[in-house]
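Enquirer: Sending over target.cif (mmCIF, C-alpha atoms).
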```
data_coords
loop_
_atom_site.label_atom_id
_atom_site.label_comp_id
_atom_site.auth_asym_id
_atom_site.auth_seq_id
_atom_site.Cartn_x
_atom_site.Cartn_y
_atom_site.Cartn_z
CA MET A 1312 102.39 144.47 64.59
CA CYS A 1313 105.21 143.90 67.07
CA ALA A 1314 105.43 140.86 69.33
CA VAL A 1315 104.76 141.48 73.04
CA ALA A 1316 107.95 140.96 75.06
CA ASP A 1317 107.80 138.07 77.52
CA PRO A 1318 107.94 139.58 81.03
CA ILE A 1319 109.12 136.24 82.47
CA PRO A 1320 112.95 136.11 82.71
CA ARG A 1321 114.36 133.56 80.29
CA ASP A 1322 116.49 131.69 82.84
CA PHE A 1323 113.50 131.37 85.16
CA ARG A 1324 111.30 130.06 82.35
CA ILE A 1325 113.92 127.45 81.39
CA TYR A 1326 114.36 126.41 85.02
CA ILE A 1327 110.60 125.90 85.52
CA GLU A 1328 110.18 124.07 82.20
CA ASN A 1329 112.90 121.62 83.24
CA LEU A 1330 111.60 121.25 86.78
CA TYR A 1331 108.10 120.41 85.57
CA SER A 1332 109.09 118.58 82.39
CA GLN A 1333 106.14 116.59 81.06
CA ILE A 1334 108.22 113.46 80.54
CA PRO A 1335 107.38 111.20 83.50
CA LYS A 1336 110.25 110.23 85.80
CA GLY A 1337 109.83 107.03 87.81
CA ASP A 1338 106.93 104.62 88.28
CA LEU A 1339 104.67 106.96 90.24
CA GLU A 1340 104.76 109.73 87.64
CA HIS A 1341 104.35 107.13 84.89
CA VAL A 1342 101.11 105.86 86.45
CA LEU A 1343 99.84 109.41 87.10
CA ASP A 1344 100.63 110.42 83.53
CA ASN A 1345 98.70 107.43 82.16
CA LEU A 1346 95.81 108.17 84.48
CA ILE A 1347 95.58 111.80 83.32
CA PHE A 1348 95.68 110.64 79.69
CA LEU A 1349 92.91 108.11 80.31
CA LEU A 1350 90.63 110.55 82.15
CA GLU A 1351 91.05 113.20 79.48
CA LEU A 1352 90.29 110.58 76.82
CA GLY A 1353 87.09 109.67 78.67
CA LYS A 1354 85.77 113.21 78.29
CA ASP A 1355 86.30 113.25 74.54
CA ARG A 1356 82.84 113.04 72.97
CA ARG A 1357 84.24 111.25 69.93
CA GLN A 1358 85.20 108.30 72.16
CA SER A 1359 82.37 105.81 72.57
CA LEU A 1360 81.88 104.23 75.98
CA ARG A 1361 83.12 100.95 74.57
CA SER A 1362 86.33 102.42 73.18
CA PHE A 1363 86.95 104.23 76.48
CA LEU A 1364 86.49 101.00 78.48
CA ASP A 1365 88.75 99.21 76.04
CA GLN A 1366 91.44 101.79 76.82
CA VAL A 1367 90.87 101.26 80.55
CA ALA A 1368 91.50 97.51 80.12
CA ARG A 1369 94.62 98.11 78.02
CA MET A 1370 96.02 100.56 80.52
CA ILE A 1371 95.54 98.13 83.41
CA PHE A 1372 97.18 95.41 81.34
CA LYS A 1373 100.14 97.66 80.58
CA LEU A 1374 100.70 99.09 84.05
CA PHE A 1375 99.72 96.43 86.52
CA ASP A 1376 100.93 93.09 85.14
CA VAL A 1377 97.57 91.37 84.95
CA GLU A 1378 96.86 89.16 81.94
CA GLU A 1379 93.08 88.70 82.04
CA ILE A 1380 90.88 91.76 82.26
CA SER A 1381 87.20 92.14 81.61
CA ILE A 1382 84.86 95.05 82.14
CA GLY A 1383 81.14 94.64 82.66
CA LEU A 1384 78.31 97.12 82.35
CA LYS A 1385 74.81 97.35 83.67
CA ASP A 1386 72.13 97.38 81.00
CA ARG A 1387 70.59 100.86 81.07
CA LYS A 1388 67.07 99.52 80.52
CA GLU A 1389 66.87 96.40 82.69
CA ASP A 1390 68.38 94.81 85.79
CA ARG A 1391 71.02 92.84 83.89
CA TRP A 1392 74.80 93.09 83.98
CA ARG A 1393 76.98 91.78 81.13
CA TYR A 1394 80.61 91.80 80.08
CA GLU A 1395 81.45 94.51 77.55
CA ILE A 1396 85.23 94.21 77.26
CA VAL A 1397 87.03 90.86 77.45
CA PHE A 1398 90.79 90.98 77.20
CA GLY A 1399 93.46 88.27 77.45
CA TYR A 1400 91.24 85.17 77.26
CA THR A 1401 91.30 82.39 74.68
CA ARG A 1402 88.65 82.78 71.96
CA ALA A 1403 86.55 79.93 73.35
CA VAL A 1404 86.53 81.36 76.87
CA GLU A 1405 85.88 84.87 75.57
CA ALA A 1406 82.78 83.59 73.74
CA LYS A 1407 81.52 81.99 76.98
CA VAL A 1408 82.24 85.09 79.06
CA ARG A 1409 80.40 87.29 76.57
CA LYS A 1410 77.28 85.13 76.92
CA LEU A 1411 77.20 85.42 80.71
CA GLU A 1412 74.71 87.75 82.32
CA TYR A 1413 73.95 88.48 85.93
CA ASN A 1414 70.88 89.58 87.83
CA ARG A 1415 70.60 91.72 90.95
CA ALA A 1416 71.07 88.80 93.35
CA ASP A 1417 74.23 87.73 91.49
CA MET A 1418 75.69 91.21 91.80
CA TYR A 1419 74.81 91.99 95.39
CA GLU A 1420 74.47 88.79 97.43
CA PHE A 1421 77.44 87.25 99.18
CA ASP A 1422 76.00 83.75 99.00
CA THR A 1423 75.98 83.73 95.19
CA TYR A 1424 79.66 84.72 94.89
CA PRO A 1425 81.45 84.38 98.28
CA ASN A 1426 84.21 86.98 98.52
CA VAL A 1427 86.67 88.80 100.73
CA LYS A 1428 86.55 92.61 100.78
CA ILE A 1429 89.99 93.94 99.92
CA GLY A 1430 89.24 97.63 99.51
CA ARG A 1431 86.52 100.28 99.46
CA LEU A 1432 85.62 99.33 95.90
CA SER A 1433 87.11 95.87 95.53
CA GLU A 1434 86.73 92.26 96.57
CA LEU A 1435 88.52 89.04 95.85
CA ASN A 1436 86.43 86.05 94.83
CA PRO A 1437 88.53 82.97 95.57
CA VAL A 1438 88.10 79.74 93.64
CA GLU A 1439 86.89 78.05 96.83
CA GLY A 1440 83.56 79.89 96.49
CA MET A 1441 83.19 79.68 92.72
CA PRO A 1442 79.80 78.44 91.49
CA GLU A 1443 79.99 75.17 89.52
CA LEU A 1444 78.47 76.69 86.38
CA GLU A 1445 81.36 79.16 85.95
CA ALA A 1446 84.17 76.61 86.07
CA ASP A 1447 84.51 76.58 82.28
CA ALA A 1448 84.83 80.37 81.99
CA TYR A 1449 88.56 80.14 82.61
CA ASN A 1450 91.56 79.71 80.35
CA ARG A 1451 92.82 76.68 82.28
CA PRO A 1452 89.73 74.87 83.67
CA TYR A 1453 91.80 71.75 84.54
CA ARG A 1454 93.61 73.82 87.18
CA VAL A 1455 90.47 75.10 88.88
CA GLY A 1456 90.20 71.90 90.94
CA GLU A 1457 93.82 71.93 92.15
CA LYS A 1458 94.55 72.66 95.79
CA ARG A 1459 95.87 76.14 96.66
CA GLN A 1460 99.56 75.79 97.63
CA SER A 1461 99.85 79.04 99.57
CA VAL A 1462 97.54 81.82 100.75
CA ASP A 1463 99.69 84.22 98.73
CA ASP A 1464 99.15 82.32 95.44
CA PHE A 1465 96.65 83.65 92.93
CA HIS A 1466 94.87 80.41 91.98
CA GLU A 1467 93.14 79.64 88.66
CA GLY A 1468 89.50 80.55 89.37
CA ASP A 1469 90.35 83.45 91.69
CA PHE A 1470 89.29 86.84 90.42
CA VAL A 1471 89.16 90.40 91.74
CA ASP A 1472 86.21 92.69 91.12
CA PHE A 1473 86.46 96.48 91.26
CA TRP A 1474 83.04 98.06 91.52
CA ILE A 1475 82.02 101.20 89.69
CA TYR A 1476 79.09 102.77 91.47
CA GLY A 1477 76.43 105.20 90.31
CA PRO A 1478 73.83 107.13 92.32
CA GLY A 1479 72.43 105.24 95.31
CA LYS A 1480 75.46 102.88 95.34
CA GLU A 1481 74.06 101.09 92.32
CA ILE A 1482 76.66 99.00 90.50
CA ILE A 1483 76.84 100.51 87.02
CA ALA A 1484 79.95 98.62 85.92
CA TRP A 1485 82.86 96.59 87.17
CA ILE A 1486 86.44 95.75 86.28
CA GLU A 1487 87.37 92.09 86.71
CA LEU A 1488 90.96 90.91 86.89
CA SER A 1489 92.63 87.55 87.06
CA ARG A 1490 95.94 85.89 86.30
CA PRO A 1491 98.62 88.27 87.57
CA LYS A 1492 101.83 87.64 85.65
CA ASN A 1493 103.81 86.50 88.71
CA GLY A 1494 101.05 84.16 89.91
CA LYS A 1495 100.81 85.95 93.26
CA MET A 1496 98.06 87.98 94.91
CA LEU A 1497 98.02 91.54 93.52
CA PRO A 1498 100.22 94.04 95.37
CA ARG A 1499 98.15 96.17 97.72
CA ALA A 1500 99.26 99.39 95.97
CA ASN A 1501 98.05 98.08 92.61
CA VAL A 1502 94.64 97.30 94.12
CA ARG A 1503 94.42 100.89 95.38
CA TRP A 1504 95.43 102.31 91.97
CA ILE A 1505 92.83 100.22 90.15
CA GLU A 1506 90.21 101.28 92.70
CA LEU A 1507 91.03 104.89 91.84
CA ILE A 1508 90.61 104.10 88.14
CA ALA A 1509 87.26 102.41 88.88
CA GLY A 1510 86.09 105.40 90.92
CA ALA A 1511 87.16 107.85 88.23
CA CYS A 1512 85.31 105.84 85.55
CA SER A 1513 81.98 106.42 87.29
CA PRO A 1514 81.28 110.04 86.18
CA ILE A 1515 82.58 109.23 82.69
CA ILE A 1516 80.19 106.29 82.24
CA LEU A 1517 77.27 108.27 83.69
CA GLN A 1518 78.04 111.22 81.43
CA LYS A 1519 78.23 109.04 78.31
CA TRP A 1520 74.94 107.38 79.24
CA LYS A 1521 73.30 110.78 79.65
CA ALA A 1522 74.66 111.91 76.31
CA GLU A 1523 73.10 108.78 74.75
CA SER A 1524 69.79 109.46 76.52
CA LYS A 1525 69.81 113.00 75.18
CA LYS A 1526 70.21 111.67 71.64
CA GLU A 1527 67.30 109.29 72.21
CA VAL A 1528 64.91 112.08 73.27
CA PRO A 1529 62.59 112.61 70.27
CA MET B 780 66.90 78.88 109.15
CA THR B 781 70.48 77.64 108.99
CA ALA B 782 73.43 79.94 108.39
CA ILE B 783 75.33 79.24 105.18
CA THR B 784 78.87 78.05 105.82
CA ASP B 785 81.60 80.28 104.39
CA PRO B 786 83.36 78.22 101.68
CA ILE B 787 86.47 80.45 101.91
CA PRO B 788 89.13 78.85 104.15
CA LYS B 789 89.63 80.83 107.35
CA ASP B 790 93.42 81.20 106.90
CA LEU B 791 92.98 82.58 103.36
CA ARG B 792 90.32 85.06 104.47
CA SER B 793 92.43 86.18 107.40
CA HIS B 794 95.54 86.57 105.21
CA LEU B 795 93.64 88.65 102.63
CA GLU B 796 91.95 90.84 105.22
CA THR B 797 95.32 91.64 106.79
CA THR B 798 97.15 92.18 103.50
CA TYR B 799 94.46 94.45 102.10
CA SER B 800 93.28 96.15 105.32
CA LEU B 801 91.16 99.16 104.44
CA THR B 802 93.10 101.66 106.58
CA PRO B 803 95.54 103.61 104.38
CA ARG B 804 99.13 102.77 105.27
CA ASP B 805 101.11 105.59 103.68
CA GLU B 806 100.71 108.98 102.02
CA LEU B 807 100.09 107.47 98.58
CA GLU B 808 97.22 105.39 99.93
CA ARG B 809 95.82 108.39 101.82
CA ILE B 810 95.79 110.48 98.64
CA ILE B 811 94.11 107.69 96.65
CA ASP B 812 91.59 107.22 99.48
CA ASP B 813 90.76 110.95 99.39
CA PHE B 814 90.39 110.95 95.60
CA ILE B 815 88.08 107.91 95.74
CA SER B 816 85.95 109.85 98.24
CA VAL B 817 85.63 112.64 95.67
CA THR B 818 84.47 110.15 93.02
CA GLU B 819 81.96 108.65 95.48
CA ARG B 820 80.53 112.08 96.26
CA GLY B 821 80.51 112.80 92.54
CA SER B 822 78.22 109.87 91.83
CA ASP B 823 75.97 110.75 94.78
CA GLY B 824 73.35 113.07 93.33
CA ARG B 825 72.64 114.58 96.77
CA THR B 826 76.08 116.20 96.95
CA THR B 827 76.21 119.54 95.13
CA LEU B 828 78.95 120.50 92.71
CA HIS B 829 79.99 123.27 95.10
CA GLN B 830 80.43 120.73 97.92
CA ILE B 831 82.53 118.46 95.69
CA LEU B 832 84.80 121.33 94.62
CA GLU B 833 85.13 122.50 98.22
CA MET B 834 86.04 118.98 99.30
CA SER B 835 88.67 118.80 96.54
CA ALA B 836 90.18 122.15 97.57
CA ARG B 837 90.45 120.91 101.16
CA ILE B 838 92.20 117.74 99.98
CA ILE B 839 94.78 119.86 98.11
CA PHE B 840 95.23 122.05 101.18
CA ARG B 841 95.69 119.02 103.45
CA ARG B 842 97.73 116.67 101.27
CA PHE B 843 99.92 118.92 99.13
CA GLY B 844 100.91 121.72 101.48
CA PHE B 845 99.44 124.75 99.71
CA GLY B 846 98.35 127.50 102.12
CA GLU B 847 95.99 129.12 99.61
CA VAL B 848 93.67 127.14 97.36
CA SER B 849 90.84 128.49 95.19
CA VAL B 850 88.47 126.80 92.80
CA GLY B 851 86.87 128.50 89.82
CA LEU B 852 84.06 127.43 87.55
CA LYS B 853 82.71 128.46 84.18
CA SER B 854 79.17 129.81 84.32
CA ARG B 855 76.84 128.03 81.92
CA LYS B 856 74.62 131.12 81.82
CA ASP B 857 77.04 133.81 80.63
CA GLY B 858 80.18 131.83 79.74
CA LEU B 859 82.27 133.82 82.25
CA TYR B 860 84.63 132.32 84.81
CA ARG B 861 84.32 133.04 88.52
CA TYR B 862 85.81 131.73 91.75
CA GLU B 863 83.51 129.28 93.46
CA PHE B 864 85.44 128.67 96.66
CA THR B 865 88.58 130.00 98.34
CA LEU B 866 90.63 128.67 101.22
CA GLY B 867 93.38 130.36 103.25
CA LEU B 868 92.82 133.94 102.05
CA ARG B 869 92.35 137.08 104.15
CA LYS B 870 88.72 138.28 104.23
CA ASP B 871 89.35 141.35 102.03
CA VAL B 872 91.37 139.30 99.55
CA GLU B 873 88.62 136.68 99.50
CA LEU B 874 86.17 139.46 98.63
CA SER B 875 88.36 140.50 95.67
CA PHE B 876 88.31 136.89 94.46
CA LYS B 877 84.52 136.68 94.76
CA GLN B 878 84.15 139.84 92.65
CA ALA B 879 86.59 138.81 89.93
CA THR B 880 85.26 137.56 86.58
CA TYR B 881 87.25 136.41 83.57
CA ASP B 882 86.34 135.88 79.96
CA LYS B 883 87.64 133.14 77.68
CA ASP B 884 90.58 135.22 76.46
CA ASP B 885 91.69 135.92 80.04
CA MET B 886 91.82 132.18 80.60
CA VAL B 887 93.99 131.31 77.63
CA SER B 888 95.90 134.43 76.59
CA HIS B 889 99.61 134.43 77.37
CA ASP B 890 99.69 138.19 76.79
CA ARG B 891 97.05 138.89 79.45
CA PHE B 892 98.39 136.41 82.00
CA PRO B 893 101.94 135.34 81.08
CA PHE B 894 102.56 131.75 82.17
CA ILE B 895 104.92 128.78 81.97
CA ARG B 896 103.41 125.40 81.13
CA THR B 897 104.09 122.88 83.91
CA GLY B 898 102.03 119.90 82.78
CA ARG B 899 99.32 118.64 80.48
CA LEU B 900 96.74 120.51 82.60
CA SER B 901 98.77 123.04 84.56
CA GLU B 902 100.78 126.23 84.36
CA LEU B 903 102.70 128.55 86.64
CA ASP B 904 101.83 132.25 86.47
CA PRO B 905 104.84 133.98 88.03
CA ILE B 906 104.83 137.40 89.69
CA GLU B 907 106.92 138.80 86.85
CA GLY B 908 103.86 138.70 84.57
CA LEU B 909 101.19 139.61 87.12
CA PRO B 910 98.76 142.27 85.75
CA GLU B 911 98.52 145.45 87.84
CA LYS B 912 94.79 144.98 88.53
CA GLU B 913 95.42 141.60 90.17
CA ARG B 914 97.81 142.91 92.81
CA GLN B 915 95.08 143.28 95.44
CA MET B 916 94.40 139.55 95.22
CA PHE B 917 97.28 138.45 97.43
CA ASN B 918 97.54 138.05 101.18
CA ARG B 919 100.91 139.86 101.43
CA PRO B 920 100.91 142.72 98.85
CA PHE B 921 104.03 144.28 100.45
CA SER B 922 106.00 141.17 99.44
CA LEU B 923 105.06 141.52 95.77
CA GLU B 924 107.79 144.12 95.16
CA SER B 925 110.70 142.22 96.67
CA PRO B 926 112.98 140.55 94.10
CA ARG B 927 112.97 136.76 93.63
CA LYS B 928 115.97 135.52 95.63
CA SER B 929 116.18 132.10 94.02
CA ARG B 930 114.48 130.40 91.07
CA ASP B 931 113.40 127.69 93.47
CA ASP B 932 111.54 130.16 95.72
CA PHE B 933 107.79 130.45 95.41
CA HIS B 934 107.35 134.22 95.43
CA GLU B 935 104.30 136.13 96.66
CA GLY B 936 102.31 136.76 93.47
CA ASP B 937 103.23 133.39 91.89
CA TYR B 938 100.41 130.92 91.48
CA PHE B 939 99.65 127.63 89.76
CA ASP B 940 96.53 127.08 87.71
CA VAL B 941 95.41 123.47 87.19
CA TRP B 942 92.75 123.24 84.52
CA MET B 943 89.53 121.26 84.37
CA MET B 944 88.81 120.70 80.68
CA ASP B 945 85.83 119.53 78.69
CA GLY B 946 86.00 117.08 75.78
CA ASN B 947 86.92 119.87 73.36
CA LYS B 948 89.81 121.11 75.51
CA GLY B 949 87.77 124.08 76.67
CA ILE B 950 88.29 125.25 80.26
CA ILE B 951 85.31 124.55 82.51
CA GLY B 952 86.96 125.08 85.89
CA TRP B 953 90.29 125.38 87.64
CA PHE B 954 92.24 125.06 90.87
CA GLU B 955 94.45 127.99 91.75
CA LEU B 956 97.25 127.28 94.20
CA SER B 957 99.72 129.47 96.01
CA SER B 958 101.68 129.88 99.22
CA PRO B 959 103.29 126.44 99.56
CA LYS B 960 104.07 125.94 103.24
CA ASP B 961 107.82 125.52 102.72
CA GLY B 962 108.03 128.58 100.45
CA LYS B 963 109.56 126.53 97.62
CA MET B 964 108.32 125.46 94.18
CA PRO B 965 106.15 122.38 94.82
CA PRO B 966 107.42 118.93 93.79
CA ARG B 967 106.46 117.93 90.26
CA VAL B 968 104.63 114.85 91.51
CA SER B 969 102.30 117.04 93.62
CA ILE B 970 101.31 118.94 90.48
CA ARG B 971 100.67 115.63 88.68
CA TRP B 972 98.42 114.41 91.50
CA ILE B 973 96.46 117.66 91.41
CA GLU B 974 96.11 117.32 87.64
CA VAL B 975 94.51 113.90 88.24
CA LEU B 976 92.12 115.47 90.76
CA ALA B 977 91.30 118.30 88.33
CA SER B 978 90.53 115.75 85.63
CA ILE B 979 88.25 113.79 87.97
CA CYS B 980 86.45 117.01 88.95
CA ALA B 981 86.04 117.93 85.27
CA SER B 982 84.33 114.57 84.60
CA ILE B 983 81.99 115.18 87.54
CA ILE B 984 81.18 118.71 86.34
CA LEU B 985 80.38 117.43 82.83
CA GLU B 986 78.22 114.66 84.24
CA ARG B 987 76.28 117.17 86.39
CA TRP B 988 75.83 119.48 83.41
CA SER B 989 74.50 116.59 81.33
CA GLU B 990 72.04 115.89 84.14
CA GLU B 991 70.89 119.53 84.00
CA ASP B 992 70.49 119.31 80.23
CA LEU B 993 68.31 116.20 80.55
CA ALA B 994 66.18 117.84 83.25
CA GLN B 995 65.82 121.06 81.22
CA PRO B 996 66.22 120.04 77.58
CA ASN B 997 65.48 123.57 76.34
CA ALA B 998 68.13 125.26 78.47
CA GLN B 999 70.89 126.46 76.16
CA ALA B 1000 74.33 126.72 77.71
CA LYS B 1001 76.57 129.55 76.55
CA ARG B 1002 79.55 128.11 74.71
#
```
Represent the structure from my file as structure tokens, please.

Expert:
Amino acid sequence: MCAVADPIPRDFRIYIENLYSQIPKGDLEHVLDNLIFLLELGKDRRQSLRSFLDQVARMIFKLFDVEEISIGLKDRKEDRWRYEIVFGYTRAVEAKVRKLEYNRADMYEFDTYPNVKIGRLSELNPVEGMPELEADAYNRPYRVGEKRQSVDDFHEGDFVDFWIYGPGKEIIAWIELSRPKNGKMLPRANVRWIELIAGACSPIILQKWKAESKKEVP
Amino acid sequence: MTAITDPIPKDLRSHLETTYSLTPRDELERIIDDFISVTERGSDGRTTLHQILEMSARIIFRRFGFGEVSVGLKSRKDGLYRYEFTLGLRKDVELSFKQATYDKDDMVSHDRFPFIRTGRLSELDPIEGLPEKERQMFNRPFSLESPRKSRDDFHEGDYFDVWMMDGNKGIIGWFELSSPKDGKMPPRVSIRWIEVLASICASIILERWSEEDLAQPNAQAKR
């Protein structure tokens, strides 16, 4: 059996392989490369939802200089939302965060968690509107009461939520970030990137839920 | 009933609303905004898969400067691959696309469709390897015979395929791109963006198929 000759000229093949080399060049390609990796990982049936969301948190940590990341999920069977992934917190705070749960009013009403909309899928919840009962769910609770020095400072107690929506604009999950490494409000571009990640997580979560439902059918 | 006072200081709110205004400010933000729209439509059960793929093709057409964009999808009934939507083609060429079907080997065999890998999810199929039977599928067949003047030129008959994969690395759909407006090989970053969009579309397709499986648990898809 003889090998079929490659009809593509060798110099042209080499030129194209170099031009489209898979090694990312520059920040933009680096982020895109990570995003493609993450999305492909999400489709892998061997990856549980939890391990996928864990990867989402780690990727945000690695690319966007944020130290505290948590990801919450809606309970599939009742109107309750809880944290699933908690990353970058002290053990004591992590234990408190894991015990928190929210109802529909908590998730949807402005009065419960006053916020400022900062994107199509995101909002910033400043410390000034933080409910009293959540003051101990932070790594540095003694700083929560301090006055904000500048509108550009990211204050202890501030957090950003990125919503992951399902059918009918139902919140099925959310990514929560706080403590950017430079202590400043997140760059606008980073907010847009993380919104894209949140949006892209939606079909992956829904698909994994449906796969679980299928297994549960007797 | 008294209105609840906003506990957020006015200067902070105003600063944040300006800094993070929702109107996209540059091309990167416009692309992200478009991709988020695809994910929103994807999670909206009222939007059909065809509409989502059409929307994605139009985004590629608008944002990345390709004059011809097609989208193909694997049939769950017979396992064959067909074009679902085409953009920028002449009517008779569009008809040839609509009639074309491919089997699994067509989709992956280098011998049938010689290609050069250009990314994790993409490849360039240059004119030099174009099968004879595919020559009627181009807008300018007279240009197919002319020699490539420069390696950087995008020649009539060249096209990019960007794959939508399932969790087992099987192809479930694809974007096919040709005729870049400047006539040159597209920038690498454009291909990477389109790979992201292909991956998002693949997740949406898989989610929709899972929905079908739940609605019709006895329906057996062809693998």

Enquirer: Expand the PyMOL selection byres ((chain B) within 6 of (chain A)) into the explicit residue set it covers here, and present it as a list in words.

Expert: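 Evaluating the PyMOL selection byres ((chain B) within 6 of (chain A)) on these coordinates yields Pro786, Ile787, Leu791, Tyr799, Leu801, Ile815, Thr818, Ser822, Asp823, Thr897, Gly898, Glu907, Gly908, Gly946, Arg967, Val975, Ser982, Ile983 and Glu986 of chain B.
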
Enquirer: Report the distance between CA of Trp988 in chain B and CA of Ile811 in chain B in Å, rounded to one decimal place.

Expert: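 CA of Ile811 in chain B lies at a distance of 25.5 Å from CA of Trp988 in chain B.
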
Enquirer: Evaluated on this file, the PyMOL selection byres ((chain B and resi 955) around 7) picks out some residues - which ones are they, written as a PyMOL selection string?

Expert: chain B and resi 848-850+938-941+953-954+956-957

Enquirer: Tell me, as a list in words, which residues lie within 9 Å of Phe1375 in chain A, counting only C-alpha atoms; anything in the same chain fewer than 2 positions away does not count.

Expert: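 In the requested format, the answer is Met1370, Ile1371, Phe1372, Lys1373, Val1377, Pro1491, Leu1497, Asn1501 and Ile1505 of chain A.
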
Enquirer: Any chance you could export the current selection's C-alpha atoms as a PDB file, in the frame of the given file?

Expert:
```pdb
ATOM      1  CA  MET A1370      96.020 100.560  80.520  1.00  0.00           C
ATOM      2  CA  ILE A1371      95.540  98.130  83.410  1.00  0.00           C
ATOM      3  CA  PHE A1372      97.180  95.410  81.340  1.00  0.00           C
ATOM      4  CA  LYS A1373     100.140  97.660  80.580  1.00  0.00           C
ATOM      5  CA  VAL A1377      97.570  91.370  84.950  1.00  0.00           C
ATOM      6  CA  PRO A1491      98.620  88.270  87.570  1.00  0.00           C
ATOM      7  CA  LEU A1497      98.020  91.540  93.520  1.00  0.00           C
ATOM      8  CA  ASN A1501      98.050  98.080  92.610  1.00  0.00           C
ATOM      9  CA  ILE A1505      92.830 100.220  90.150  1.00  0.00           C
TER      10      ILE A1505
END
```

Enquirer: Do you have the CA of Phe843 in chain B-CA of Pro965 in chain B distance handy?

Expert: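 According to the coordinates, CA of Phe843 in chain B and CA of Pro965 in chain B are separated by 8.3 Å.
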
Enquirer: CA of Val1404 in chain A to CA of Ser1489 in chain A: how many Å, to one decimal?

Expert: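 Taking CA of Val1404 in chain A as the start and CA of Ser1489 in chain A as the end point, the length is 13.4 Å.
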
Enquirer: Would you write out, as a PyMOL selection string, every residue that the PyMOL selection byres ((chain B and resi 854) around 12) captures in this file?

Expert: chain B and resi 851-853+855-863+880-883+950-952+984+988+1000-1002

Enquirer: Would you mind listing what lies within 7 Å of Phe1465 in chain A as number ranges by chain, with all atoms listed in the file counted and same-chain residues fewer than 4 positions away left out?

Expert: A: 1469, 1494-1496

Enquirer: Counting only C-alpha atoms, figure out which residue out of B:Ser958, B:Phe917, B:Leu976, B:Lys928 gets nearest to Trp942 in chain B.

Expert: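 Nearest candidate to Trp942 in chain B out of B:Ser958, B:Phe917, B:Leu976, B:Lys928: B:Leu976.
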
Enquirer: Between A:Glu1457, A:Asp1390, A:Asp1338, A:Glu1412, single out the one closest to Ile1482 in chain A, counting only C-alpha atoms.

Expert: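 Going through A:Glu1457, A:Asp1390, A:Asp1338, A:Glu1412 one by one, the smallest distance to Ile1482 in chain A is for A:Asp1390.
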